[in-house]
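Asks: So I've got this file, work-v3.cif, and it contains mmCIF, C-alpha atoms:
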data_start
loop_
_atom_site.group_PDB
_atom_site.id
_atom_site.type_symbol
_atom_site.label_atom_id
_atom_site.label_comp_id
_atom_site.auth_asym_id
_atom_site.auth_seq_id
_atom_site.Cartn_x
_atom_site.Cartn_y
_atom_site.Cartn_z
ATOM 1 C CA MET A 6 -6.453 6.455 16.670
ATOM 2 C CA ALA A 7 -4.401 3.939 14.654
ATOM 3 C CA THR A 8 -6.267 1.745 12.194
ATOM 4 C CA LEU A 9 -5.806 -2.023 11.896
ATOM 5 C CA THR A 10 -3.880 -1.490 8.648
ATOM 6 C CA GLN A 11 -1.485 0.945 10.335
ATOM 7 C CA VAL A 12 -0.909 -1.461 13.207
ATOM 8 C CA ASP A 13 -0.161 -4.283 10.765
ATOM 9 C CA ASP A 14 2.207 -2.062 8.765
ATOM 10 C CA HIS A 15 4.120 -1.010 11.864
ATOM 11 C CA ARG A 16 4.337 -4.594 13.067
ATOM 12 C CA PHE A 17 5.702 -5.678 9.690
ATOM 13 C CA GLY A 18 8.270 -2.870 9.774
ATOM 14 C CA SER A 19 9.311 -3.822 13.294
ATOM 15 C CA SER A 20 9.744 -7.428 12.160
ATOM 16 C CA ILE A 21 12.071 -6.319 9.354
ATOM 17 C CA ARG A 22 14.137 -4.221 11.760
ATOM 18 C CA THR A 23 14.297 -6.946 14.423
ATOM 19 C CA VAL A 24 15.530 -9.644 12.036
ATOM 20 C CA ARG A 25 18.001 -7.223 10.413
ATOM 21 C CA LEU A 26 19.515 -6.390 13.795
ATOM 22 C CA ARG A 27 19.550 -10.076 14.728
ATOM 23 C CA ARG A 28 21.774 -10.674 11.709
ATOM 24 C CA GLY A 29 24.013 -7.789 12.652
ATOM 25 C CA TRP A 30 23.256 -5.852 9.469
ATOM 26 C CA ARG A 31 23.060 -2.102 9.052
ATOM 27 C CA GLN A 32 20.312 -0.590 6.953
ATOM 28 C CA VAL A 33 22.847 0.024 4.215
ATOM 29 C CA ASP A 34 23.841 -3.678 4.282
ATOM 30 C CA LEU A 35 20.246 -4.735 3.747
ATOM 31 C CA ALA A 36 19.844 -2.105 1.050
ATOM 32 C CA VAL A 37 22.797 -3.464 -0.922
ATOM 33 C CA ARG A 38 21.631 -7.072 -0.624
ATOM 34 C CA SER A 39 18.036 -6.321 -1.614
ATOM 35 C CA GLY A 40 18.685 -3.707 -4.269
ATOM 36 C CA VAL A 41 16.466 -1.234 -2.421
ATOM 37 C CA SER A 42 17.656 2.191 -1.278
ATOM 38 C CA ARG A 43 18.628 2.783 2.349
ATOM 39 C CA SER A 44 15.946 5.458 2.680
ATOM 40 C CA ALA A 45 13.354 2.913 1.515
ATOM 41 C CA ILE A 46 14.613 0.459 4.158
ATOM 42 C CA SER A 47 14.181 3.185 6.764
ATOM 43 C CA ARG A 48 10.625 3.948 5.652
ATOM 44 C CA LEU A 49 9.785 0.248 5.624
ATOM 45 C CA GLU A 50 11.059 -0.280 9.167
ATOM 46 C CA ARG A 51 8.977 2.686 10.338
ATOM 47 C CA GLY A 52 5.860 1.072 8.912
ATOM 48 C CA HIS A 53 5.403 3.291 5.854
ATOM 49 C CA LEU A 54 4.647 0.388 3.532
ATOM 50 C CA ASP A 55 2.402 2.476 1.308
ATOM 51 C CA THR A 56 5.471 4.376 0.041
ATOM 52 C CA LEU A 57 7.079 1.219 -1.406
ATOM 53 C CA SER A 58 6.144 -1.161 -4.190
ATOM 54 C CA ILE A 59 5.148 -4.728 -3.394
ATOM 55 C CA ARG A 60 8.213 -5.913 -5.319
ATOM 56 C CA ALA A 61 10.519 -3.803 -3.110
ATOM 57 C CA ILE A 62 8.885 -5.049 0.089
ATOM 58 C CA ARG A 63 9.237 -8.662 -1.001
ATOM 59 C CA ALA A 64 12.857 -8.125 -2.067
ATOM 60 C CA VAL A 65 13.746 -6.811 1.398
ATOM 61 C CA ALA A 66 11.802 -9.544 3.190
ATOM 62 C CA SER A 67 13.357 -12.267 1.036
ATOM 63 C CA CYS A 68 16.874 -11.171 2.008
ATOM 64 C CA LEU A 69 15.913 -11.761 5.634
ATOM 65 C CA ASP A 70 14.143 -15.065 4.906
ATOM 66 C CA ILE A 71 10.837 -13.448 5.829
ATOM 67 C CA ARG A 72 7.804 -14.475 3.826
ATOM 68 C CA ALA A 73 5.638 -11.514 2.880
ATOM 69 C CA ASP A 74 2.055 -12.545 2.094
ATOM 70 C CA LEU A 75 -0.738 -10.293 0.945
ATOM 71 C CA VAL A 76 -4.009 -10.832 2.800
ATOM 72 C CA ALA A 77 -7.164 -9.496 1.185
ATOM 73 C CA ARG A 78 -9.929 -8.229 3.489
ATOM 74 C CA TRP A 79 -13.353 -7.175 2.283
ATOM 75 C CA ARG A 80 -15.455 -4.587 4.093
ATOM 76 C CA ALA A 81 -18.692 -6.049 2.756
ATOM 77 C CA GLY A 82 -18.287 -9.279 4.680
ATOM 78 C CA ASP A 83 -16.650 -12.688 4.627
ATOM 79 C CA LEU A 84 -14.297 -12.797 1.640
ATOM 80 C CA ASP A 85 -13.407 -16.450 2.252
ATOM 81 C CA ARG A 86 -17.077 -17.360 2.035
ATOM 82 C CA LEU A 87 -17.401 -15.466 -1.254
ATOM 83 C CA LEU A 88 -14.334 -17.191 -2.733
ATOM 84 C CA ASN A 89 -15.525 -20.584 -1.533
ATOM 85 C CA ALA A 90 -18.939 -19.934 -3.080
ATOM 86 C CA ARG A 91 -17.310 -19.272 -6.458
ATOM 87 C CA HIS A 92 -15.214 -22.420 -6.131
ATOM 88 C CA SER A 93 -18.324 -24.396 -5.221
ATOM 89 C CA ALA A 94 -20.165 -22.971 -8.226
ATOM 90 C CA LEU A 95 -17.316 -24.081 -10.496
ATOM 91 C CA TYR A 96 -17.356 -27.565 -8.947
ATOM 92 C CA GLU A 97 -21.127 -27.872 -9.368
ATOM 93 C CA ALA A 98 -20.905 -26.834 -13.015
ATOM 94 C CA VAL A 99 -18.156 -29.372 -13.763
ATOM 95 C CA ALA A 100 -19.883 -32.160 -11.837
ATOM 96 C CA ARG A 101 -23.187 -31.455 -13.590
ATOM 97 C CA TRP A 102 -21.440 -31.537 -16.966
ATOM 98 C CA PHE A 103 -19.943 -34.937 -16.142
ATOM 99 C CA ARG A 104 -23.333 -36.292 -15.105
ATOM 100 C CA SER A 105 -24.853 -35.023 -18.331
ATOM 101 C CA ASP A 106 -22.130 -35.769 -20.881
ATOM 102 C CA HIS A 107 -20.018 -38.478 -19.221
ATOM 103 C CA PRO A 108 -22.150 -40.494 -16.793
ATOM 104 C CA GLU A 109 -19.740 -43.422 -17.133
ATOM 105 C CA TRP A 110 -17.228 -41.572 -14.978
ATOM 106 C CA VAL A 111 -17.369 -41.920 -11.186
ATOM 107 C CA LEU A 112 -16.592 -38.711 -9.283
ATOM 108 C CA ALA A 113 -15.246 -38.210 -5.772
ATOM 109 C CA PRO A 114 -15.180 -34.558 -4.625
ATOM 110 C CA GLU A 115 -12.439 -33.258 -2.338
ATOM 111 C CA ALA A 116 -10.616 -36.579 -2.150
ATOM 112 C CA THR A 117 -8.009 -36.387 0.599
ATOM 113 C CA PHE A 118 -4.803 -38.402 0.549
ATOM 114 C CA ALA A 119 -1.785 -39.020 2.770
ATOM 115 C CA ILE A 120 0.859 -41.136 1.058
ATOM 116 C CA TYR A 121 4.166 -40.956 2.895
ATOM 117 C CA SER A 122 5.135 -37.271 2.822
ATOM 118 C CA ASP A 123 2.582 -36.427 0.126
ATOM 119 C CA ARG A 124 -0.607 -35.029 1.606
ATOM 120 C CA GLY A 125 -3.344 -32.988 0.062
ATOM 121 C CA ILE A 126 -6.805 -32.745 -1.426
ATOM 122 C CA VAL A 127 -7.888 -33.468 -4.973
ATOM 123 C CA ASP A 128 -10.736 -31.157 -5.952
ATOM 124 C CA ILE A 129 -12.333 -33.897 -8.073
ATOM 125 C CA LEU A 130 -11.017 -37.438 -8.399
ATOM 126 C CA ALA A 131 -12.648 -39.167 -11.365
ATOM 127 C CA TRP A 132 -12.478 -42.826 -12.401
ATOM 128 C CA HIS A 133 -13.481 -44.634 -15.577
ATOM 129 C CA PRO A 134 -14.257 -48.281 -14.641
ATOM 130 C CA GLY A 135 -14.233 -49.577 -18.211
ATOM 131 C CA ARG A 136 -10.791 -48.259 -19.112
ATOM 132 C CA GLN A 137 -9.508 -48.230 -15.533
ATOM 133 C CA ALA A 138 -8.363 -44.646 -15.920
ATOM 134 C CA VAL A 139 -8.115 -42.078 -13.142
ATOM 135 C CA LEU A 140 -8.346 -38.328 -13.611
ATOM 136 C CA ILE A 141 -7.081 -35.630 -11.251
ATOM 137 C CA ILE A 142 -9.121 -32.445 -11.678
ATOM 138 C CA GLU A 143 -7.774 -29.233 -10.192
ATOM 139 C CA LEU A 144 -10.231 -26.326 -10.019
ATOM 140 C CA LYS A 145 -8.900 -22.784 -9.853
ATOM 141 C CA THR A 146 -11.065 -19.689 -9.631
ATOM 142 C CA GLU A 147 -7.946 -17.535 -9.419
ATOM 143 C CA ILE A 148 -4.340 -18.176 -10.446
ATOM 144 C CA SER A 149 -1.739 -16.638 -8.149
ATOM 145 C CA ASP A 150 1.492 -18.658 -8.472
ATOM 146 C CA VAL A 151 1.788 -20.721 -11.661
ATOM 147 C CA ASN A 152 4.938 -22.535 -10.520
ATOM 148 C CA GLU A 153 3.332 -23.650 -7.276
ATOM 149 C CA LEU A 154 0.124 -24.592 -9.069
ATOM 150 C CA LEU A 155 1.861 -26.825 -11.618
ATOM 151 C CA GLY A 156 4.121 -28.327 -8.944
ATOM 152 C CA THR A 157 1.135 -29.238 -6.769
ATOM 153 C CA LEU A 158 -0.753 -30.725 -9.708
ATOM 154 C CA ASP A 159 2.289 -32.772 -10.754
ATOM 155 C CA ARG A 160 2.634 -34.137 -7.213
ATOM 156 C CA LYS A 161 -1.008 -35.205 -7.225
ATOM 157 C CA ARG A 162 -0.597 -36.793 -10.638
ATOM 158 C CA ARG A 163 2.355 -38.878 -9.392
ATOM 159 C CA VAL A 164 0.294 -40.405 -6.570
ATOM 160 C CA ALA A 165 -2.960 -40.650 -8.541
ATOM 161 C CA ARG A 166 -2.887 -44.441 -8.914
ATOM 162 C CA GLN A 167 -2.290 -44.906 -5.194
ATOM 163 C CA VAL A 168 -5.036 -42.437 -4.311
ATOM 164 C CA ALA A 169 -7.405 -44.354 -6.587
ATOM 165 C CA ALA A 170 -6.284 -47.697 -5.136
ATOM 166 C CA GLU A 171 -7.300 -46.528 -1.653
ATOM 167 C CA ARG A 172 -10.845 -46.328 -3.019
ATOM 168 C CA LYS A 173 -10.586 -49.759 -4.631
ATOM 169 C CA TRP A 174 -10.336 -48.125 -8.052
ATOM 170 C CA PRO A 175 -7.741 -49.956 -10.173
ATOM 171 C CA ALA A 176 -6.068 -47.495 -12.514
ATOM 172 C CA GLY A 177 -3.595 -47.924 -15.333
ATOM 173 C CA PHE A 178 -3.998 -44.625 -17.162
ATOM 174 C CA VAL A 179 -3.668 -41.242 -15.446
ATOM 175 C CA GLY A 180 -4.967 -37.849 -16.508
ATOM 176 C CA ALA A 181 -4.541 -34.416 -14.982
ATOM 177 C CA TRP A 182 -6.962 -31.638 -15.898
ATOM 178 C CA LEU A 183 -6.525 -28.064 -14.738
ATOM 179 C CA ILE A 184 -9.789 -26.149 -15.015
ATOM 180 C CA VAL A 185 -9.419 -22.390 -14.612
ATOM 181 C CA ALA A 186 -12.313 -19.989 -14.159
ATOM 182 C CA ALA A 187 -12.703 -17.809 -17.221
ATOM 183 C CA GLY A 188 -11.740 -14.178 -16.752
ATOM 184 C CA ARG A 189 -9.328 -11.513 -17.951
ATOM 185 C CA THR A 190 -6.879 -11.828 -15.064
ATOM 186 C CA ASN A 191 -6.598 -15.607 -15.313
ATOM 187 C CA ARG A 192 -6.313 -15.395 -19.098
ATOM 188 C CA ARG A 193 -3.445 -12.912 -18.829
ATOM 189 C CA ARG A 194 -1.603 -15.098 -16.341
ATOM 190 C CA ILE A 195 -2.039 -18.167 -18.519
ATOM 191 C CA GLU A 196 -0.759 -16.255 -21.535
ATOM 192 C CA ALA A 197 2.218 -14.945 -19.555
ATOM 193 C CA HIS A 198 3.250 -18.521 -18.653
ATOM 194 C CA ALA A 199 1.996 -20.199 -21.822
ATOM 195 C CA GLU A 200 5.138 -22.193 -22.560
ATOM 196 C CA MET A 201 5.499 -23.480 -19.001
ATOM 197 C CA ILE A 202 1.853 -24.526 -18.857
ATOM 198 C CA ARG A 203 1.990 -26.092 -22.323
ATOM 199 C CA ASN A 204 4.999 -28.206 -21.327
ATOM 200 C CA ALA A 205 3.238 -29.502 -18.237
ATOM 201 C CA LEU A 206 -0.271 -29.743 -19.697
ATOM 202 C CA PRO A 207 0.030 -29.997 -23.496
ATOM 203 C CA ALA A 208 -3.600 -30.892 -24.274
ATOM 204 C CA GLY A 209 -6.391 -28.349 -24.518
ATOM 205 C CA THR A 210 -10.161 -28.560 -24.296
ATOM 206 C CA SER A 211 -10.624 -30.633 -27.461
ATOM 207 C CA GLY A 212 -7.892 -33.021 -26.381
ATOM 208 C CA ILE A 213 -9.326 -33.691 -22.930
ATOM 209 C CA ARG A 214 -12.842 -34.097 -24.315
ATOM 210 C CA ALA A 215 -11.624 -36.749 -26.757
ATOM 211 C CA TRP A 216 -9.737 -38.502 -23.965
ATOM 212 C CA LEU A 217 -12.769 -38.479 -21.663
ATOM 213 C CA ARG A 218 -14.753 -40.341 -24.309
ATOM 214 C CA ASP A 219 -12.067 -43.033 -24.556
ATOM 215 C CA PRO A 220 -9.419 -42.605 -21.833
ATOM 216 C CA VAL A 221 -6.513 -44.594 -23.225
ATOM 217 C CA GLY A 222 -3.012 -43.365 -22.389
ATOM 218 C CA ASN A 223 -1.991 -40.561 -20.075
ATOM 219 C CA ILE A 224 -2.898 -36.919 -20.570
ATOM 220 C CA GLY A 225 -2.359 -33.486 -19.082
ATOM 221 C CA ALA A 226 -4.761 -30.724 -20.074
ATOM 222 C CA VAL A 227 -5.841 -27.208 -19.204
ATOM 223 C CA SER A 228 -9.184 -25.554 -19.950
ATOM 224 C CA SER A 229 -10.932 -22.306 -19.186
ATOM 225 C CA TRP A 230 -14.446 -22.664 -17.795
ATOM 226 C CA ALA A 231 -17.117 -20.011 -17.437
ATOM 227 C CA VAL A 232 -18.125 -19.893 -13.774
ATOM 228 C CA PRO A 233 -21.920 -19.916 -13.566
ATOM 229 C CA ALA A 234 -23.525 -16.891 -11.960
ATOM 230 C CA ARG A 235 -26.052 -17.429 -9.205
ATOM 231 C CA SER A 236 -28.927 -15.014 -9.003
ATOM 232 C CA ARG A 237 -31.437 -14.791 -6.182
ATOM 233 C CA GLY A 238 -34.250 -17.258 -6.600
ATOM 234 C CA SER A 239 -32.746 -18.886 -9.680
ATOM 235 C CA ARG A 240 -30.875 -22.075 -10.435
ATOM 236 C CA VAL A 241 -27.190 -22.126 -11.207
ATOM 237 C CA ALA A 242 -26.522 -22.026 -14.922
ATOM 238 C CA VAL A 243 -24.113 -24.643 -16.218
ATOM 239 C CA GLY A 244 -20.836 -23.176 -17.439
ATOM 240 C CA ARG A 245 -19.040 -24.476 -20.510
ATOM 241 C CA THR A 246 -15.422 -25.126 -21.296
ATOM 242 C CA GLN A 247 -13.527 -22.743 -23.510
ATOM 243 C CA ALA A 248 -10.365 -23.220 -25.510
ATOM 244 C CA VAL A 249 -7.135 -22.107 -23.845
#
Hey, can you dump this file as structure tokens for me?
Replies:
Amino acid sequence: MATLTQVDDHRFGSSIRTVRLRRGWRQVDLAVRSGVSRSAISRLERGHLDTLSIRAIRAVASCLDIRADLVARWRAGDLDRLLNARHSALYEAVARWFRSDHPEWVLAPEATFAIYSDRGIVDILAWHPGRQAVLIIELKTEISDVNELLGTLDRKRRVARQVAAERKWPAGFVGAWLIVAAGRTNRRRIEAHAEMIRNALPAGTSGIRAWLRDPVGNIGAVSSWAVPARSRGSRVAVGRTQAV
């Protein structure tokens, strides 16, 4: 009896073959365009995805304008719920830190916006009434695509004043703070794209902390934050920022 994974693999292979034929390409034509061998194309179309690398699969799919996404499934239960719980724990830690160290800031969680073609959700929208400064906080428990992440954050930063104005928050200064959950994988990805991230978000933890105390001027910053662990019957421990 075929498993769900086998069915998905065969369906993906059939999709590759169907689009290839629709374009009038032979397997060898697709092989040349993608840089993958013809035998690999044949195995892919027959659903033998486990014999190819992810890079090869994406190269073939890209040539056909097919988007190949990886979907993680967890046997132990609801993976989305687990990921959301970690994101919520990170939010609670950051919000608690603001209440403790920067009570002068007003926070709005999951602030939605729709300004012309720009639509989205700001994880935490923060406003400093005294300085009339607005801060876009992006929380990431896992970094997958750095380019997309920075592009999305830049788009939110551009509309920050308008998003704040919808809440009757006048804002002259704008800050953007990317907070990434501490961990080896995220650290490696940040290090691999250090220059790109530094150009977009030049300030670090010390810089954003100084700005939060007196938010004059615009700022872009990135910090690593220890995600608090929740144990049964205990309170969530507050995580702390770490230098990036």
Asks: Excluding Val127 (chain A) and any residue of its chain fewer than 4 positions from it, enumerate the residues within 7 Å of it, using only C-alpha atoms, and give them as a list in words.
Replies: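 Once the nearby chain positions are removed, what remains is Glu115, Ala116, Thr117, Ile141, Ile142 and Glu143 of chain A.
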Asks: Keeping only C-alpha atoms, write those residues as a PDB file, in the coordinates of the input.
Replies:
ATOM      1  CA  GLU A 115     -12.439 -33.258  -2.338  1.00  0.00           C
ATOM      2  CA  ALA A 116     -10.616 -36.579  -2.150  1.00  0.00           C
ATOM      3  CA  THR A 117      -8.009 -36.387   0.599  1.00  0.00           C
ATOM      4  CA  ILE A 141      -7.081 -35.630 -11.251  1.00  0.00           C
ATOM      5  CA  ILE A 142      -9.121 -32.445 -11.678  1.00  0.00           C
ATOM      6  CA  GLU A 143      -7.774 -29.233 -10.192  1.00  0.00           C
TER       7      GLU A 143
END
Asks: Considering only C-alpha atoms, return as a PyMOL selection string whatever protein or nucleic-acid residues lie within 12 Å of Arg124 (chain A), sequence-local ones (same chain, fewer than 3 positions apart) excluded.
Replies: chain A and resi 116-121+127+157+160-161+164-165+168
Asks: What separation in Å, quoted to one decimal, exists between CA of Asp123 (chain A) and CA of Val139 (chain A)?
Replies: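 Between these atoms lies a distance of 18.0 Å.
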Asks: I'd like the interatomic distance between CA of Leu95 (chain A) and CA of Glu147 (chain A), to a tenth of an Å.
Replies: 11.5 Å
Asks: Identify, on the basis of all atoms listed in the file, every residue whose closest approach to Arg162 (chain A) does not exceed 9 Å; exclude the query and any residue fewer than 3 positions from it along the same chain; express the result as an MDAnalysis selection string.
Replies: chainID A and resid 140:141 157:159 165:166 179:181
Asks: Taking N, CA and C atoms as the atom set, what does region 56-76 of chain A look like once completed, written as an mmCIF file, in the frame of the given file?
Replies:
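Written file, result02.cif:
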data_model
loop_
_atom_site.group_PDB
_atom_site.id
_atom_site.type_symbol
_atom_site.label_atom_id
_atom_site.label_comp_id
_atom_site.auth_asym_id
_atom_site.auth_seq_id
_atom_site.Cartn_x
_atom_site.Cartn_y
_atom_site.Cartn_z
ATOM 1 N N THR A 56 4.539 3.596 0.862
ATOM 2 C CA THR A 56 5.471 4.376 0.041
ATOM 3 C C THR A 56 6.380 3.492 -0.812
ATOM 4 N N LEU A 57 6.234 2.160 -0.670
ATOM 5 C CA LEU A 57 7.079 1.219 -1.406
ATOM 6 C C LEU A 57 6.228 0.324 -2.289
ATOM 7 N N SER A 58 6.837 -0.198 -3.335
ATOM 8 C CA SER A 58 6.144 -1.161 -4.190
ATOM 9 C C SER A 58 6.134 -2.527 -3.523
ATOM 10 N N ILE A 59 5.199 -3.368 -3.932
ATOM 11 C CA ILE A 59 5.148 -4.728 -3.394
ATOM 12 C C ILE A 59 6.433 -5.476 -3.715
ATOM 13 N N ARG A 60 6.965 -5.249 -4.923
ATOM 14 C CA ARG A 60 8.213 -5.913 -5.319
ATOM 15 C C ARG A 60 9.360 -5.534 -4.386
ATOM 16 N N ALA A 61 9.455 -4.249 -4.009
ATOM 17 C CA ALA A 61 10.519 -3.803 -3.110
ATOM 18 C C ALA A 61 10.368 -4.424 -1.727
ATOM 19 N N ILE A 62 9.134 -4.462 -1.234
ATOM 20 C CA ILE A 62 8.885 -5.049 0.089
ATOM 21 C C ILE A 62 9.281 -6.516 0.108
ATOM 22 N N ARG A 63 8.911 -7.239 -0.950
ATOM 23 C CA ARG A 63 9.237 -8.662 -1.001
ATOM 24 C C ARG A 63 10.735 -8.885 -1.171
ATOM 25 N N ALA A 64 11.405 -7.997 -1.885
ATOM 26 C CA ALA A 64 12.857 -8.125 -2.067
ATOM 27 C C ALA A 64 13.569 -7.989 -0.721
ATOM 28 N N VAL A 65 13.149 -7.013 0.076
ATOM 29 C CA VAL A 65 13.746 -6.811 1.398
ATOM 30 C C VAL A 65 13.451 -8.005 2.307
ATOM 31 N N ALA A 66 12.192 -8.422 2.330
ATOM 32 C CA ALA A 66 11.802 -9.544 3.190
ATOM 33 C C ALA A 66 12.536 -10.817 2.804
ATOM 34 N N SER A 67 12.689 -11.052 1.505
ATOM 35 C CA SER A 67 13.357 -12.267 1.036
ATOM 36 C C SER A 67 14.795 -12.334 1.511
ATOM 37 N N CYS A 68 15.481 -11.195 1.541
ATOM 38 C CA CYS A 68 16.874 -11.171 2.008
ATOM 39 C C CYS A 68 16.996 -11.600 3.471
ATOM 40 N N LEU A 69 15.920 -11.411 4.212
ATOM 41 C CA LEU A 69 15.913 -11.761 5.634
ATOM 42 C C LEU A 69 15.200 -13.089 5.891
ATOM 43 N N ASP A 70 14.878 -13.796 4.793
ATOM 44 C CA ASP A 70 14.143 -15.065 4.906
ATOM 45 C C ASP A 70 12.796 -14.880 5.590
ATOM 46 N N ILE A 71 12.181 -13.734 5.329
ATOM 47 C CA ILE A 71 10.837 -13.448 5.829
ATOM 48 C C ILE A 71 9.867 -13.585 4.667
ATOM 49 N N ARG A 72 8.812 -14.313 4.864
ATOM 50 C CA ARG A 72 7.804 -14.475 3.826
ATOM 51 C C ARG A 72 6.766 -13.371 3.955
ATOM 52 N N ALA A 73 6.604 -12.613 2.884
ATOM 53 C CA ALA A 73 5.638 -11.514 2.880
ATOM 54 C C ALA A 73 4.412 -11.919 2.076
ATOM 55 N N ASP A 74 3.300 -12.144 2.747
ATOM 56 C CA ASP A 74 2.055 -12.545 2.094
ATOM 57 C C ASP A 74 1.077 -11.385 2.093
ATOM 58 N N LEU A 75 0.349 -11.272 1.001
ATOM 59 C CA LEU A 75 -0.738 -10.293 0.945
ATOM 60 C C LEU A 75 -2.023 -10.960 1.409
ATOM 61 N N VAL A 76 -2.743 -10.302 2.294
ATOM 62 C CA VAL A 76 -4.009 -10.832 2.800
ATOM 63 C C VAL A 76 -5.123 -9.859 2.404
#
